[in-house]
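Visitor: See start_20.cif below, with mmCIF, C-alpha atoms and all ligand atoms.
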data_target
loop_
_atom_site.label_atom_id
_atom_site.label_comp_id
_atom_site.auth_asym_id
_atom_site.auth_seq_id
_atom_site.Cartn_x
_atom_site.Cartn_y
_atom_site.Cartn_z
CA MET A 1 -6.60 -30.21 34.50
CA SER A 2 -6.60 -27.86 37.49
CA ARG A 3 -3.38 -26.09 38.45
CA LEU A 4 -1.48 -27.23 41.53
CA PRO A 5 -1.32 -24.43 44.14
CA ASP A 6 2.44 -23.91 43.89
CA GLU A 7 2.68 -24.29 40.09
CA PRO A 8 4.34 -21.12 38.74
CA ARG A 9 2.02 -18.95 36.65
CA PRO A 10 3.32 -17.44 33.40
CA ALA A 11 4.82 -13.99 33.87
CA GLY A 12 2.15 -11.47 33.01
CA ALA A 13 -0.79 -13.73 33.86
CA LEU A 14 -1.85 -11.37 36.62
CA TRP A 15 -2.38 -8.80 33.85
CA THR A 16 -3.53 -10.93 30.94
CA ASP A 17 -6.36 -12.30 33.14
CA ARG A 18 -7.51 -8.72 33.55
CA PHE A 19 -7.49 -7.56 29.91
CA ALA A 20 -10.63 -5.53 29.24
CA GLN A 21 -13.29 -7.11 27.08
CA ARG A 22 -12.67 -4.63 24.25
CA THR A 23 -9.11 -5.94 23.78
CA GLU A 24 -10.46 -9.30 22.65
CA ARG A 25 -10.83 -8.02 19.09
CA ALA A 26 -7.50 -6.17 19.14
CA ASN A 27 -5.04 -8.33 17.22
CA SER A 28 -1.70 -7.32 15.77
CA SER A 29 -2.17 -6.26 12.16
CA VAL A 30 -1.05 -8.63 9.41
CA ILE A 31 0.88 -5.71 7.98
CA ARG A 32 2.90 -5.15 11.18
CA GLU A 33 3.73 -8.87 11.08
CA PHE A 34 4.81 -8.63 7.44
CA LEU A 35 6.92 -5.56 8.16
CA LYS A 36 9.09 -7.74 10.38
CA LEU A 37 10.09 -9.52 7.15
CA LEU A 38 11.95 -6.42 6.08
CA ASP A 39 14.70 -7.54 8.43
CA ASP A 40 15.55 -10.24 5.86
CA PRO A 41 17.39 -8.35 3.10
CA ALA A 42 16.78 -11.17 0.60
CA ILE A 43 13.02 -10.57 0.69
CA ILE A 44 11.52 -8.16 -1.82
CA SER A 45 8.65 -6.60 0.04
CA PHE A 46 5.54 -5.23 -1.63
CA ALA A 47 3.84 -5.71 1.73
CA GLY A 48 4.02 -2.49 3.76
CA GLY A 49 2.65 0.91 2.81
CA LEU A 50 6.10 2.36 3.11
CA PRO A 51 7.19 5.53 1.34
CA ALA A 52 10.50 5.35 -0.51
CA PRO A 53 13.40 6.27 1.78
CA GLU A 54 15.09 7.79 -1.31
CA VAL A 55 12.55 10.63 -1.26
CA PHE A 56 12.81 11.43 2.44
CA PRO A 57 13.87 15.08 2.65
CA ALA A 58 16.66 14.26 5.10
CA GLU A 59 18.82 17.35 4.37
CA GLU A 60 15.86 19.70 4.74
CA VAL A 61 14.81 17.99 7.99
CA LEU A 62 18.39 18.35 9.26
CA PHE A 63 18.43 22.09 8.53
CA ALA A 64 14.95 22.48 9.98
CA THR A 65 16.04 20.70 13.17
CA HIS A 66 19.00 23.06 13.55
CA ARG A 67 16.75 26.06 12.98
CA VAL A 68 14.17 24.84 15.49
CA LEU A 69 16.75 24.23 18.19
CA ARG A 70 18.63 27.47 17.51
CA GLN A 71 15.57 29.73 17.29
CA HIS A 72 12.90 28.04 19.42
CA ARG A 73 14.82 25.76 21.76
CA ASP A 74 12.71 26.39 24.86
CA SER A 75 9.30 25.98 23.24
CA ALA A 76 10.41 23.08 21.01
CA LEU A 77 11.42 21.03 24.03
CA GLN A 78 8.46 22.16 26.18
CA TYR A 79 4.89 20.86 26.48
CA GLY A 80 2.59 22.47 23.91
CA ALA A 81 -1.05 23.10 23.02
CA THR A 82 -3.18 19.98 22.43
CA GLU A 83 -4.62 21.46 19.21
CA GLY A 84 -1.11 21.67 17.78
CA TYR A 85 1.63 24.17 16.90
CA ARG A 86 -0.22 27.22 15.60
CA PRO A 87 2.09 28.04 12.64
CA LEU A 88 1.82 24.41 11.50
CA ARG A 89 -1.99 24.50 11.70
CA GLU A 90 -1.95 27.72 9.66
CA LEU A 91 0.37 26.15 7.10
CA LEU A 92 -1.93 23.12 6.83
CA VAL A 93 -4.89 25.47 6.30
CA ARG A 94 -3.04 27.21 3.41
CA HIS A 95 -1.95 23.86 1.99
CA MET A 96 -5.48 22.40 2.02
CA ALA A 97 -6.86 25.59 0.43
CA ARG A 98 -4.76 24.78 -2.64
CA TYR A 99 -6.77 21.56 -2.90
CA GLY A 100 -10.09 23.38 -2.47
CA ILE A 101 -10.61 22.79 1.28
CA GLU A 102 -11.11 26.21 2.86
CA VAL A 103 -11.22 26.16 6.65
CA GLY A 104 -9.72 28.07 9.57
CA PRO A 105 -7.01 26.89 12.02
CA GLU A 106 -9.77 26.46 14.64
CA ASN A 107 -11.04 23.57 12.47
CA VAL A 108 -7.68 21.78 12.57
CA LEU A 109 -6.42 19.43 15.29
CA VAL A 110 -2.89 18.11 14.81
CA THR A 111 -2.65 14.41 15.64
CA THR A 112 0.12 11.85 16.01
CA GLY A 113 -0.34 10.63 12.44
CA ALA A 114 -3.72 10.13 10.79
CA GLN A 115 -3.78 6.83 12.66
CA GLN A 116 -4.34 8.67 15.93
CA ALA A 117 -7.10 10.66 14.25
CA LEU A 118 -8.84 7.36 13.44
CA ASP A 119 -8.48 6.28 17.05
CA LEU A 120 -9.88 9.59 18.31
CA VAL A 121 -12.81 9.33 15.91
CA GLY A 122 -13.49 5.85 17.31
CA LYS A 123 -13.19 7.11 20.88
CA ALA A 124 -15.48 10.07 20.25
CA PHE A 125 -18.24 8.39 18.25
CA ILE A 126 -18.37 4.61 18.66
CA ASN A 127 -20.29 2.94 21.49
CA PRO A 128 -19.90 -0.84 21.79
CA GLY A 129 -22.02 -2.47 19.10
CA ASP A 130 -22.44 0.68 17.00
CA ARG A 131 -22.32 0.12 13.28
CA VAL A 132 -19.71 1.77 11.08
CA ALA A 133 -20.08 1.67 7.29
CA THR A 134 -16.88 1.02 5.35
CA GLU A 135 -15.81 0.17 1.86
CA GLU A 136 -14.98 -3.47 1.29
CA PRO A 137 -12.01 -3.80 1.15
CA THR A 138 -10.89 -0.96 3.42
CA TYR A 139 -7.87 0.29 5.36
CA LEU A 140 -6.86 -2.26 7.96
CA GLY A 141 -5.59 0.36 10.41
CA ALA A 142 -9.07 1.93 10.54
CA LEU A 143 -10.59 -1.46 11.33
CA GLN A 144 -8.04 -1.88 14.11
CA ALA A 145 -8.84 1.55 15.51
CA PHE A 146 -12.63 1.20 15.34
CA SER A 147 -12.70 -2.42 16.52
CA THR A 148 -11.08 -1.40 19.80
CA TYR A 149 -14.26 0.59 20.46
CA GLU A 150 -16.28 -2.53 19.54
CA ALA A 151 -17.63 -1.31 16.22
CA HIS A 152 -19.68 -3.64 14.05
CA TYR A 153 -19.29 -3.21 10.32
CA VAL A 154 -21.67 -2.83 7.44
CA THR A 155 -19.91 -2.69 4.10
CA VAL A 156 -20.26 -1.41 0.56
CA PRO A 157 -18.28 -3.08 -2.25
CA VAL A 158 -15.66 -1.25 -4.29
CA ASP A 159 -15.19 -1.40 -8.07
CA ASP A 160 -12.90 0.48 -10.48
CA ASP A 161 -14.73 3.76 -9.68
CA GLY A 162 -14.45 3.37 -5.92
CA MET A 163 -17.28 2.71 -3.47
CA CYS A 164 -20.41 1.38 -5.24
CA VAL A 165 -22.56 4.24 -4.00
CA ASP A 166 -25.70 2.76 -5.56
CA ARG A 167 -25.42 0.05 -2.87
CA LEU A 168 -25.03 2.59 -0.06
CA GLU A 169 -28.69 3.20 0.77
CA ASP A 170 -29.21 -0.38 1.96
CA VAL A 171 -26.31 0.11 4.33
CA LEU A 172 -27.52 3.51 5.55
CA ARG A 173 -30.86 1.96 6.48
CA ALA A 174 -28.87 -0.04 9.08
CA ALA A 175 -28.19 3.40 10.71
CA PRO A 176 -24.37 3.37 10.92
CA LYS A 177 -22.77 6.04 13.15
CA PHE A 178 -20.75 7.25 10.15
CA VAL A 179 -19.46 6.18 6.74
CA TYR A 180 -15.67 5.75 6.55
CA VAL A 181 -14.37 6.26 3.02
CA LEU A 182 -11.06 6.69 1.14
CA PRO A 183 -11.91 8.58 -2.06
CA ASN A 184 -8.38 8.86 -3.49
CA PHE A 185 -6.24 5.87 -4.53
CA GLN A 186 -7.88 3.77 -1.88
CA ASN A 187 -5.84 1.60 0.47
CA PRO A 188 -5.77 -1.29 -0.39
CA SER A 189 -7.36 -1.28 -3.89
CA GLY A 190 -5.73 1.82 -5.41
CA VAL A 191 -9.04 2.87 -7.02
CA THR A 192 -10.47 6.41 -6.98
CA LEU A 193 -14.04 7.43 -6.30
CA SER A 194 -15.43 9.08 -9.46
CA LEU A 195 -16.77 12.64 -9.32
CA ALA A 196 -20.33 11.50 -9.98
CA ARG A 197 -20.14 9.00 -7.13
CA ARG A 198 -18.59 11.61 -4.80
CA ARG A 199 -21.55 13.91 -5.38
CA ARG A 200 -24.01 11.09 -4.92
CA LEU A 201 -22.29 9.84 -1.75
CA VAL A 202 -22.48 13.28 -0.15
CA GLU A 203 -26.08 13.73 -1.27
CA VAL A 204 -27.29 10.32 -0.06
CA CYS A 205 -25.52 10.64 3.30
CA ALA A 206 -27.02 14.12 3.80
CA ARG A 207 -30.46 12.73 3.02
CA TYR A 208 -30.05 9.99 5.65
CA GLY A 209 -28.36 12.37 8.13
CA THR A 210 -25.28 10.14 8.25
CA PRO A 211 -21.88 11.85 8.59
CA ILE A 212 -18.80 10.85 6.60
CA VAL A 213 -15.19 10.37 7.72
CA GLU A 214 -13.00 11.08 4.69
CA ASP A 215 -9.49 9.62 5.04
CA ASP A 216 -7.15 11.17 2.50
CA PRO A 217 -3.46 10.34 2.98
CA TYR A 218 -2.80 9.97 -0.76
CA GLY A 219 -4.86 12.71 -2.46
CA GLN A 220 -1.82 14.79 -3.40
CA LEU A 221 0.00 11.79 -4.88
CA ARG A 222 -1.80 11.78 -8.21
CA TYR A 223 0.21 10.70 -11.26
CA ASP A 224 -2.43 10.93 -14.01
CA GLY A 225 -5.67 12.77 -14.55
CA GLU A 226 -7.22 15.74 -12.78
CA HIS A 227 -7.52 16.30 -9.04
CA LEU A 228 -11.08 15.54 -7.89
CA PRO A 229 -12.78 17.65 -5.21
CA SER A 230 -12.78 16.26 -1.70
CA LEU A 231 -16.02 15.16 -0.04
CA VAL A 232 -15.63 17.90 2.56
CA LYS A 233 -15.65 20.48 -0.26
CA LEU A 234 -18.61 18.90 -2.06
CA ASP A 235 -20.50 18.77 1.23
CA ALA A 236 -19.92 22.51 1.74
CA GLU A 237 -20.99 23.30 -1.84
CA ARG A 238 -24.33 21.58 -1.31
CA SER A 239 -25.58 24.30 1.00
CA GLY A 240 -23.24 27.30 0.57
CA CYS A 241 -21.50 27.81 3.90
CA ALA A 242 -20.78 30.92 5.91
CA HIS A 243 -17.41 32.55 5.17
CA ARG A 244 -15.23 31.28 8.05
CA GLU A 245 -16.14 27.62 7.76
CA ARG A 246 -16.59 27.65 4.00
CA SER A 247 -15.65 24.01 3.62
CA LEU A 248 -17.52 22.81 6.67
CA ARG A 249 -21.20 22.25 6.44
CA GLY A 250 -20.43 19.64 9.06
CA GLY A 251 -21.35 16.47 7.18
CA VAL A 252 -17.73 15.40 6.69
CA ILE A 253 -14.71 15.04 8.97
CA TYR A 254 -11.52 15.05 6.90
CA LEU A 255 -8.22 13.35 7.87
CA GLY A 256 -4.83 14.34 6.46
CA THR A 257 -1.22 13.41 7.11
CA LEU A 258 2.34 14.41 6.28
CA SER A 259 3.39 10.74 6.40
CA LYS A 260 3.32 10.23 2.64
CA THR A 261 4.33 13.74 1.57
CA LEU A 262 7.21 14.40 4.04
CA ALA A 263 8.01 11.41 6.26
CA PRO A 264 5.97 8.99 8.40
CA GLY A 265 8.59 9.06 11.15
CA LEU A 266 7.54 12.63 11.99
CA ARG A 267 4.10 11.25 12.99
CA VAL A 268 2.24 14.40 11.99
CA GLY A 269 -1.36 14.09 10.84
CA TRP A 270 -4.46 16.20 11.34
CA VAL A 271 -8.25 16.27 11.56
CA VAL A 272 -10.49 18.88 9.96
CA ALA A 273 -13.85 19.19 11.73
CA PRO A 274 -16.32 21.79 13.01
CA ALA A 275 -14.82 23.67 15.98
CA GLU A 276 -17.05 21.90 18.57
CA VAL A 277 -15.85 18.53 17.30
CA VAL A 278 -12.21 19.67 17.34
CA ALA A 279 -12.72 20.71 20.99
CA LYS A 280 -14.09 17.26 21.96
CA LEU A 281 -11.38 15.40 20.05
CA ALA A 282 -8.75 17.59 21.76
CA VAL A 283 -10.02 16.58 25.20
CA LEU A 284 -9.89 12.92 24.18
CA LYS A 285 -6.40 13.41 22.78
CA GLN A 286 -5.26 14.83 26.10
CA GLY A 287 -6.06 11.47 27.65
CA ALA A 288 -3.94 9.74 25.02
CA ASP A 289 -0.79 11.88 24.71
CA LEU A 290 -1.48 15.45 25.94
CA HIS A 291 -0.34 16.68 22.53
CA SER A 292 1.67 15.50 19.54
CA SER A 293 5.42 16.07 19.83
CA THR A 294 6.06 19.82 19.82
CA PHE A 295 9.53 19.18 18.47
CA ALA A 296 8.30 17.03 15.55
CA GLN A 297 5.58 19.56 14.69
CA MET A 298 8.08 22.42 14.65
CA VAL A 299 10.53 20.44 12.52
CA ALA A 300 7.68 19.49 10.15
CA TYR A 301 6.65 23.15 9.92
CA GLU A 302 10.20 24.41 9.32
CA THR A 303 10.71 21.72 6.67
CA ALA A 304 7.40 22.24 4.87
CA ARG A 305 7.23 26.05 4.84
CA GLY A 306 8.27 28.44 2.06
CA GLY A 307 6.77 26.21 -0.66
CA PHE A 308 8.99 23.20 0.07
CA LEU A 309 6.06 20.85 0.69
CA ASP A 310 4.53 21.59 -2.73
CA ARG A 311 7.90 21.23 -4.48
CA HIS A 312 8.59 18.00 -2.65
CA VAL A 313 5.20 16.51 -3.56
CA LYS A 314 6.16 17.03 -7.23
CA THR A 315 9.37 15.02 -6.69
CA ILE A 316 7.47 12.21 -4.98
CA ARG A 317 4.90 12.10 -7.80
CA ARG A 318 7.66 11.68 -10.37
CA VAL A 319 9.42 8.88 -8.47
CA TYR A 320 6.25 6.96 -7.58
CA ALA A 321 4.73 7.29 -11.05
CA GLU A 322 7.86 5.62 -12.39
CA ARG A 323 7.54 2.81 -9.83
CA ARG A 324 3.84 2.33 -10.51
CA ASP A 325 4.58 2.08 -14.23
CA ALA A 326 7.39 -0.39 -13.54
CA MET A 327 4.99 -2.60 -11.58
CA LEU A 328 2.24 -2.40 -14.21
CA ARG A 329 4.72 -3.25 -16.99
CA ALA A 330 6.16 -6.14 -14.98
CA LEU A 331 2.67 -7.51 -14.28
CA ASP A 332 1.80 -7.29 -17.98
CA ARG A 333 4.94 -9.33 -18.68
CA HIS A 334 4.86 -11.91 -15.87
CA ALA A 335 1.29 -12.42 -14.63
CA PRO A 336 -0.67 -15.27 -16.24
CA ALA A 337 -4.03 -14.84 -17.97
CA GLY A 338 -6.91 -14.87 -15.51
CA VAL A 339 -5.15 -12.63 -12.96
CA HIS A 340 -6.50 -9.07 -12.88
CA TRP A 341 -5.17 -5.95 -11.24
CA THR A 342 -6.20 -2.33 -10.72
CA ARG A 343 -4.43 0.50 -12.56
CA PRO A 344 -4.24 3.27 -9.94
CA GLN A 345 -3.91 6.91 -10.96
CA GLY A 346 -1.95 7.66 -7.80
CA GLY A 347 -1.15 6.52 -4.28
CA LEU A 348 0.98 3.58 -3.20
CA PHE A 349 -0.92 0.37 -3.97
CA LEU A 350 -2.49 -1.82 -6.57
CA TYR A 351 -4.74 -4.80 -5.98
CA LEU A 352 -4.56 -8.17 -7.63
CA THR A 353 -7.49 -10.57 -8.06
CA LEU A 354 -6.80 -14.24 -8.74
CA PRO A 355 -8.96 -16.56 -10.84
CA PRO A 356 -11.49 -18.86 -9.12
CA GLY A 357 -9.87 -21.82 -7.41
CA VAL A 358 -6.64 -19.99 -6.55
CA SER A 359 -6.17 -19.00 -2.92
CA ALA A 360 -4.19 -15.85 -2.16
CA ASP A 361 -3.01 -17.31 1.15
CA VAL A 362 -1.48 -20.33 -0.58
CA VAL A 363 0.08 -18.18 -3.32
CA LEU A 364 1.53 -15.80 -0.76
CA LYS A 365 3.05 -18.63 1.26
CA ASP A 366 4.85 -19.88 -1.85
CA ALA A 367 5.75 -16.33 -2.81
CA LEU A 368 7.41 -15.89 0.56
CA ALA A 369 9.43 -19.05 -0.06
CA ALA A 370 10.49 -17.37 -3.34
CA LYS A 371 11.42 -14.30 -1.23
CA VAL A 372 8.69 -11.89 -2.27
CA ALA A 373 6.05 -10.57 0.15
CA CYS A 374 2.57 -9.07 -0.38
CA ILE A 375 -0.46 -8.71 1.90
CA PRO A 376 -3.46 -11.04 1.51
CA GLY A 377 -6.61 -9.14 0.59
CA SER A 378 -8.60 -10.93 3.31
CA ALA A 379 -6.88 -8.63 5.85
CA PHE A 380 -8.88 -5.71 4.45
CA HIS A 381 -12.31 -7.35 4.54
CA PRO A 382 -14.05 -6.66 7.85
CA LEU A 383 -16.70 -9.32 7.29
CA GLY A 384 -14.48 -12.04 5.79
CA GLY A 385 -13.89 -12.71 2.08
CA GLY A 386 -11.19 -11.33 -0.20
CA THR A 387 -9.50 -14.73 -0.27
CA ARG A 388 -8.60 -14.38 -3.95
CA SER A 389 -7.01 -10.96 -3.69
CA MET A 390 -3.76 -9.36 -2.56
CA ARG A 391 -2.33 -5.87 -2.12
CA LEU A 392 0.95 -4.83 -3.70
CA ASN A 393 2.86 -1.70 -2.71
CA PHE A 394 4.88 -0.04 -5.47
CA SER A 395 6.33 3.02 -3.68
CA TYR A 396 8.99 1.34 -1.57
CA SER A 397 11.10 -0.61 -4.08
CA ARG A 398 13.24 0.69 -6.94
CA PRO A 399 12.03 -0.16 -10.48
CA ASP A 400 14.68 -2.86 -11.02
CA VAL A 401 13.71 -4.50 -7.71
CA ILE A 402 10.03 -4.27 -8.68
CA GLU A 403 10.78 -6.08 -11.94
CA GLU A 404 12.62 -8.87 -10.08
CA GLY A 405 9.92 -9.18 -7.39
CA ILE A 406 7.08 -9.37 -9.91
CA ALA A 407 9.04 -11.92 -11.97
CA ARG A 408 9.27 -14.10 -8.83
CA LEU A 409 5.60 -13.57 -7.98
CA GLY A 410 4.62 -14.20 -11.61
CA ALA A 411 6.37 -17.60 -11.57
CA VAL A 412 4.42 -18.60 -8.44
CA LEU A 413 1.16 -17.31 -9.94
CA ARG A 414 1.68 -19.17 -13.21
CA ARG A 415 2.18 -22.42 -11.31
CA HIS A 416 -0.95 -22.00 -9.18
CA VAL A 417 -3.17 -20.74 -12.00
CA SER A 418 -2.19 -23.61 -14.31
CA GLU A 419 -2.74 -26.13 -11.48
CA ALA A 420 -6.21 -24.67 -10.86
CA GLN A 421 -7.01 -24.83 -14.57
CA ALA A 422 -5.65 -28.36 -15.12
CA PRO A 423 -8.44 -30.85 -15.72
CA GLN A 424 -9.15 -32.77 -12.52
CA ALA A 425 -8.07 -36.42 -12.66
CA PRO A 426 -11.14 -38.67 -12.69
CA PRO A 427 -11.71 -40.34 -9.33
CA ALA A 428 -10.00 -43.72 -9.08
CA ALA A 429 -12.33 -46.51 -10.10
CA VAL A 430 -13.64 -48.40 -7.14
CA ALA A 431 -13.22 -52.14 -7.61
CA ALA A 432 -16.57 -53.88 -7.63
CA GLY A 433 -16.88 -55.96 -4.48
C1 LIG A 501 -5.79 5.07 4.53
C2 LIG A 501 -4.82 5.37 5.61
N1 LIG A 501 -5.21 6.09 6.67
C3 LIG A 501 -4.36 6.39 7.66
C4 LIG A 501 -3.05 5.97 7.63
C5 LIG A 501 -2.16 6.30 8.79
O1 LIG A 501 -1.21 7.25 8.42
P1 LIG A 501 -0.27 7.97 9.45
O2 LIG A 501 1.11 7.55 9.14
O3 LIG A 501 -0.50 9.43 9.21
O4 LIG A 501 -0.67 7.58 10.84
C6 LIG A 501 -2.60 5.21 6.55
C7 LIG A 501 -1.22 4.71 6.52
O5 LIG A 501 -0.79 4.00 5.66
C8 LIG A 501 -3.51 4.90 5.51
O6 LIG A 501 -3.16 4.19 4.44
#
As structure tokens, what does this structure read like?

Guide:
Amino acid sequence: MSRLPDEPRPAGALWTDRFAQRTERANSSVIREFLKLLDDPAIISFAGGLPAPEVFPAEEVLFATHRVLRQHRDSALQYGATEGYRPLRELLVRHMARYGIEVGPENVLVTTGAQQALDLVGKAFINPGDRVATEEPTYLGALQAFSTYEAHYVTVPVDDDGMCVDRLEDVLRAAPKFVYVLPNFQNPSGVTLSLARRRRLVEVCARYGTPIVEDDPYGQLRYDGEHLPSLVKLDAERSGCAHRERSLRGGVIYLGTLSKTLAPGLRVGWVVAPAEVVAKLAVLKQGADLHSSTFAQMVAYETARGGFLDRHVKTIRRVYAERRDAMLRALDRHAPAGVHWTRPQGGLFLYLTLPPGVSADVVLKDALAAKVACIPGSAFHPLGGGTRSMRLNFSYSRPDVIEEGIARLGAVLRRHVSEAQAPQAPPAAVAAG
């Protein structure tokens, strides 16, 4: 029915009518919606990717803040360089070198969290309709960032050893702009890309001339086993690089963050890329926020320096390993046969797969009624699917809370799994007419 001329229009209609086409695919993330549930204290949430507040280095941040304001007040409160606070970039360079990534500060751009780095990568490389290759499932925030630039997705499945690299060539033939991959304790599945597959991934991508974006927020949070070399390092080793950019043959852009090793509220992440790419990303960043908060970068630097970051990572590993173990033990106790889950060697998440006939959406609705929240796996599948899976975060809740939450979830799962397995009642006999 057409609108009468004097009928009031909804506030905002003048703007909503003018939303750009690219916003059509920009929807609020399921995770953001679930995070609102944290306002209800009765809900046990395994939904967000939240670090444990108990390990936030609040005292150290307090001292660092005092130091910054006492010693660098004018520069801390002033505009700063887009590339980032130089001492922080140098600290990040030293920190990465301990994990085998050897680059110079000119290869580092500080960003407002790794999330901004994903957005800048999208802005710099994706034209509308370009293909991006991802794992399936993959990080929802990356899909949000890339979809804004109207990416189309081609996907490679994930198993217990990470991306199934033997399936990659088919995808590379579709000429994606880049491959986006999470080699360590993948979000959402918790699995880690094996060394053999890392080498093969780098080799196959080099052969097809396809670059890789390596997103690595969790690499330092390993609880068992040996650290595996990053893709950026393996890429450099393939061809033996010149001294200054030893870890940069240029096939891989690497993303890091202090969100999981210090605190996400600082919003400090970074990109490692060849200097020409850093320069382009910096120009694009200027359009977004001029630079990341000088104050936050200086506080992050003052907190992290003098070996604190490395010491603190050890504390986090101990606390999260305990929580991961608590969740695995609780699942062993409470989950019914037929439900499977990953056993991550690090990171923040594990991934549950339900037996055929059981829908994660239905389970999660009932779980919410029982006051426990998780994220449906379908959120992480860019092409649809994942309807029998769900992501569980183990870093945020204390072990006793984890036990209680998994007991509640287990009760819901047992009900749904036994209903799905119950023999179907024969159809009612139709009376002969
Ligand atoms: C895989 C992955 N990439 C990027 C991010 C964004 O992190 P940041 O807090 O640094 O923006 C996250 C956050 O959970 C993540 O899991």

Visitor: For the interface of chain A with ligand LIG 501 (chain A) (cut-off 7 Å, counting only C-alpha atoms and all ligand atoms), please tabulate each contacting residue of chain A alongside its nearest pair of atoms and their separation in Å to one decimal, rows sorted by chain and increasing number, as a tab-separated table.

Guide:
residue	atom	partner	partner_atom	distance
A:Gly49	CA	A:LIG501	O5	5.4
A:Thr112	CA	A:LIG501	O4	6.8
A:Gly113	CA	A:LIG501	O3	3.4
A:Ala114	CA	A:LIG501	O3	3.7
A:Gln115	CA	A:LIG501	O4	3.7
A:Gln116	CA	A:LIG501	O4	6.4
A:Tyr139	CA	A:LIG501	C1	5.3
A:Gly141	CA	A:LIG501	C3	6.7
A:Ala142	CA	A:LIG501	N1	6.9
A:Leu182	CA	A:LIG501	C1	6.5
A:Gln186	CA	A:LIG501	C1	6.9
A:Asn187	CA	A:LIG501	C1	5.3
A:Asp215	CA	A:LIG501	N1	5.8
A:Asp216	CA	A:LIG501	C1	6.6
A:Pro217	CA	A:LIG501	C2	5.8
A:Thr257	CA	A:LIG501	O3	4.6
A:Leu258	CA	A:LIG501	O3	6.4
A:Ser259	CA	A:LIG501	O2	4.8
A:Pro264	CA	A:LIG501	O2	5.1
A:Arg267	CA	A:LIG501	O2	6.1
A:Val268	CA	A:LIG501	O3	6.3
A:Gly269	CA	A:LIG501	O3	5.0

Visitor: Could you please determine the separation between CA of Glu322 in chain A and CA of Ala379 in chain A in Å, to one decimal place?

Guide: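 Between CA of Glu322 in chain A and CA of Ala379 in chain A the gap works out to 27.4 Å.
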
Visitor: As a ChimeraX atom specification, please: the residues near range 286-298 of chain A (cut-off 8 Å, all atoms listed in the file, same-chain neighbours under 6 positions excluded).

Guide: /A:68,75-85,88,110-112,266-268

Visitor: For a quick check of understanding, using only C-alpha atoms, which of A:Pro10, A:Gly219, A:Pro183, A:Gly100 has the smallest distance to Leu348 in chain A?

Guide: A:Gly219

Visitor: Is there a way to get, as a list of chain:residue names, all residues within 10 Å of the point (-10.7, 15.7, 23.1) in file coordinates, counting all atoms listed in the file?

Guide: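 It turns out the residues near that spot are A:Thr82, A:Glu83, A:Leu109, A:Leu120, A:Val121, A:Lys123, A:Ala124, A:Glu276, A:Val277, A:Val278, A:Ala279, A:Lys280, A:Leu281, A:Ala282, A:Val283, A:Leu284, A:Lys285, A:Gln286, A:Gly287, A:Ala288, A:Leu290.
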
Visitor: Please produce an output containing C-alpha atoms for each residue in the selection, written as a JSON list (two decimals), in the frame of the given file.

Guide:
[["chain", "number", "residue", "atom", "x", "y", "z"],
["A", 82, "THR", "CA", -3.18, 19.98, 22.43],
["A", 83, "GLU", "CA", -4.62, 21.46, 19.21],
["A", 109, "LEU", "CA", -6.42, 19.43, 15.29],
["A", 120, "LEU", "CA", -9.88, 9.59, 18.31],
["A", 121, "VAL", "CA", -12.81, 9.33, 15.91],
["A", 123, "LYS", "CA", -13.19, 7.11, 20.88],
["A", 124, "ALA", "CA", -15.48, 10.07, 20.25],
["A", 276, "GLU", "CA", -17.05, 21.90, 18.57],
["A", 277, "VAL", "CA", -15.85, 18.53, 17.30],
["A", 278, "VAL", "CA", -12.21, 19.67, 17.34],
["A", 279, "ALA", "CA", -12.72, 20.71, 20.99],
["A", 280, "LYS", "CA", -14.09, 17.26, 21.96],
["A", 281, "LEU", "CA", -11.38, 15.40, 20.05],
["A", 282, "ALA", "CA", -8.75, 17.59, 21.76],
["A", 283, "VAL", "CA", -10.02, 16.58, 25.20],
["A", 284, "LEU", "CA", -9.89, 12.92, 24.18],
["A", 285, "LYS", "CA", -6.40, 13.41, 22.78],
["A", 286, "GLN", "CA", -5.26, 14.83, 26.10],
["A", 287, "GLY", "CA", -6.06, 11.47, 27.65],
["A", 288, "ALA", "CA", -3.94, 9.74, 25.02],
["A", 290, "LEU", "CA", -1.48, 15.45, 25.94]]
